[in-house]
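K.L.:
Just passing along the structure, written as structure tokens.
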Amino acid sequence: MQLPLLTILLATVSPATGQLDKLAKAAGLKYFGTAVDNPSLNNQAYMRIARNSDEFGSITPANGQKWSSTESSQGRFSYGSGDAIASVAKHRDQMQRIIAAHIQNVAGHYKGQCYAWDVVNEAFEDDGKFRQNPMYRAMGVDFITHSFKTAAQTDPAAKLYYNDFNIERCCNAKINATLSMLKTVIAAGAPIHGVGMQGHSRVGKSPSKREMKETMAKFSELVDEVAFTEVDIRHTKLPVSAEDREQQGRDYVEVVGACLETPKCVGVTVWDFTDQVRHVPVRW
Ligand SMILES: *[C@@H]1O[C@H](CO)[C@@H](O)[C@H](O)[C@H]1NC(C)=O
């Protein structure tokens with residue numbers, strides 16, 4: 001009866017959400033590990049998996065600690081290759097502690113007072129690739145899972161959001177990447193309750209109500225609620241004509257209408273309500 005066993009294994013261990021180390025630990029092992037060789041450190045797709053602590057709880061330097069790397073001639077020791085591999089593991093653990101301490105402090109300080117937290121903000125580039133921020137470089141996508149789990153433990157009553165810009169108009173590469181990240185992170189057991197669409201756009205270039213409803217319908221399949229979190233629709237030329245103002249009004253009506261006509265949309269926040277301040281995204 002080999003077949004039923006195989007079927008059960010495949011159903012339990014989905015390759016899309018691989019969790020080798022988690023499963024190994026649940027089964028009583030100390031770790032499930034991988035070897036990593038120095039040339040692979042430059043391969044981003046590879047390192048995303050190697051750094052995922054749900055996949056690998058141990059890293060063995062493939063060559064970095066061998067004689068050829070550490071003492072290639074007698075009495076002359078060099079640790080560059082070994083250190084490069086060791087720092088992958090060290091950075092991951094360090095970053096995990098830094099993120100936990102930050103969230104426990106900040107969300108702990110306001111515990112019970114916030115309706116929702118923007119737990120992870122702007123993780124993607126517009127082309128759908130992960131931004132190379134310090135958290136991502138140290139931990140891969142696992143930094144998102146870890147952040148949401150920590151936030152849930154720290155402030156259990158709050159709604160926990162993923163928030164980003166240019167994810168309003170269905171369906172670009174960034175929206176696709178966001179959907180896929182949500183699936184991965186939720187499957188790894190982290191609670192993501194909401195998706196915030198920032199809603200920064202330009203007068204006359206704003207997404208239509210239909211496009212935004214289409215996007216929200218997709219997010220609604222994965223999370224409990226969605227919201228417009230930072231809406232500002234800016235003029236692109238000055239002085240502003242009467243037609244420009246009317247167009248701006250119509251653009252805001254589309255956004256609010258999209259929320260009103262989406263069952264899981266809970267609210268709209270403007271960023272903010274005068275032209276004195278402008279949105280400046282953080283760059284790493
Ligand atoms: C996004 O995903 C949809 C549905 O899977 C697909 O049709 C579309 O081509 C994707 N768009 C981009 C830009 O990747």
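Order determines the names: the first chain of the structure tokens is A, the second B, and so forth; residues in each chain are numbered 1 upward, and ligands are numbered 1 upward as they are shown.
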Hey, which residues sit close to ligand 1? Say within 9 Å, counting only C-alpha atoms and all ligand atoms, and write them as a short mmCIF file (atom, residue, chain, number, x, y, z; two decimals) with N, CA and C atoms, in the first residue's frame.

P.N.:
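Listing of result20.cif after writing:
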```cif
data_model
loop_
_atom_site.label_atom_id
_atom_site.label_comp_id
_atom_site.auth_asym_id
_atom_site.auth_seq_id
_atom_site.Cartn_x
_atom_site.Cartn_y
_atom_site.Cartn_z
N ASP A 127 7.88 46.25 -10.05
CA ASP A 127 7.95 45.10 -10.96
C ASP A 127 7.64 43.78 -10.25
N GLY A 128 7.25 43.84 -8.98
CA GLY A 128 6.85 42.63 -8.27
C GLY A 128 7.99 41.92 -7.55
N CYS A 170 -6.12 46.73 -10.99
CA CYS A 170 -5.95 45.31 -11.31
C CYS A 170 -5.49 45.11 -12.76
N CYS A 171 -4.56 44.14 -13.00
CA CYS A 171 -3.77 43.36 -12.08
C CYS A 171 -2.32 43.42 -12.52
N ASN A 172 -1.55 44.28 -11.94
CA ASN A 172 -0.14 44.42 -12.34
C ASN A 172 0.75 43.42 -11.61
N ALA A 173 2.04 43.44 -11.92
CA ALA A 173 2.99 42.48 -11.35
C ALA A 173 3.08 42.62 -9.83
N LYS A 174 2.94 43.86 -9.34
CA LYS A 174 3.04 44.09 -7.90
C LYS A 174 1.84 43.48 -7.16
N ILE A 175 0.65 43.61 -7.76
CA ILE A 175 -0.54 42.99 -7.16
C ILE A 175 -0.40 41.47 -7.16
N ASN A 176 0.06 40.93 -8.28
CA ASN A 176 0.27 39.48 -8.35
C ASN A 176 1.26 39.02 -7.30
N ALA A 177 2.35 39.76 -7.12
CA ALA A 177 3.36 39.38 -6.13
C ALA A 177 2.77 39.48 -4.72
#
```

K.L.:
Please produce, as a tab-separated table, a per-residue contact table for region 216-277 of chain A versus region 153-160 of chain A (criterion: any atom at most 12 Å away, only C-alpha atoms considered), showing the nearest atom pair and its distance in Å to one decimal, sorted by chain then residue number.

P.N.:
```
residue	atom	partner	partner_atom	distance
A:Val223	CA	A:Leu160	CA	10.1
A:Asp224	CA	A:Lys159	CA	9.2
A:Glu225	CA	A:Lys159	CA	9.0
A:Val226	CA	A:Lys159	CA	10.7
A:Ala227	CA	A:Lys159	CA	11.7
A:Val266	CA	A:Lys159	CA	11.6
```

K.L.:
Quick one: pick out all strand (DSSP E) residues within region 5-209 of chain A from a backbone DSSP run and write them as a PyMOL selection string.

P.N.:
chain A and resi 33-36+58-61+116-121+159-164+194-197+200-202

K.L.:
When distances are computed from only C-alpha atoms, which of A:Arg202, A:Trp117, A:Ala190, A:Gln276 shows the smallest separation from Tyr162 (chain A)?

P.N.:
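Smallest separation from Tyr162 (chain A) among the options: A:Trp117.
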
K.L.:
With distances taken over only C-alpha atoms, which residue among A:Tyr110, A:Tyr161, A:Phe56, A:Tyr136 lies nearest Phe148 (chain A)?

P.N.:
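Result for the nearest residue to Phe148 (chain A): A:Tyr161.
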
K.L.:
Could the residues of region 128-163 of chain A that have an atom at most 12 Å from region 19-42 of chain A be listed as CSV, each with its closest atom pair and the distance in Å to one decimal, counting only C-alpha atoms and ordered by chain and ascending residue number?

P.N.:
```
residue,atom,partner,partner_atom,distance
A:Arg137,CA,A:Leu41,CA,11.1
A:Ala138,CA,A:Leu41,CA,12.0
A:Asp142,CA,A:Gln19,CA,11.1
```

K.L.:
Let me make sure I understand: among A:Ser87, A:Gln198, A:Thr184, A:Gln104, which one has the smallest atom-to-atom distance to Val141 (chain A) if we use only C-alpha atoms?

P.N.:
A:Thr184

K.L.:
Which residues are near region 63-74 of chain A? Cut-off 8 Å, only C-alpha atoms, ignore same chain within fewer than 5 positions. Put them as an MDAnalysis selection string.

P.N.:
chainID A and resid 37:38 79:83 85

K.L.:
Among region 68-201 of chain A, which residues does DSSP mark as helix (DSSP H, G or I) when it is run on the backbone? Keep the chain and numbering as in the structure and answer as a PyMOL selection string.

P.N.:
chain A and resi 68-70+80-109+134-139+142-154+173-187

K.L.:
Calculated over only C-alpha atoms, which of the candidates A:Ala100, A:Ser206, A:Glu261, A:Asp272 has the smallest distance to Gly249 (chain A)?

P.N.:
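Distance minimum relative to Gly249 (chain A) lands on A:Ser206.
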
K.L.:
Skipping near chain neighbours, those fewer than 2 positions away, what residues fall within 12 Å of Phe165 (chain A) using only C-alpha atoms, listed as a PyMOL selection string?

P.N.:
chain A and resi 121-126+128+162-163+167-169+172+174-175+178+195-201+228-232+279-282

K.L.:
One decimal, in Å: what's the spacing between CA of Phe219 (chain A) and CA of Asn133 (chain A)?

P.N.:
24.2 Å
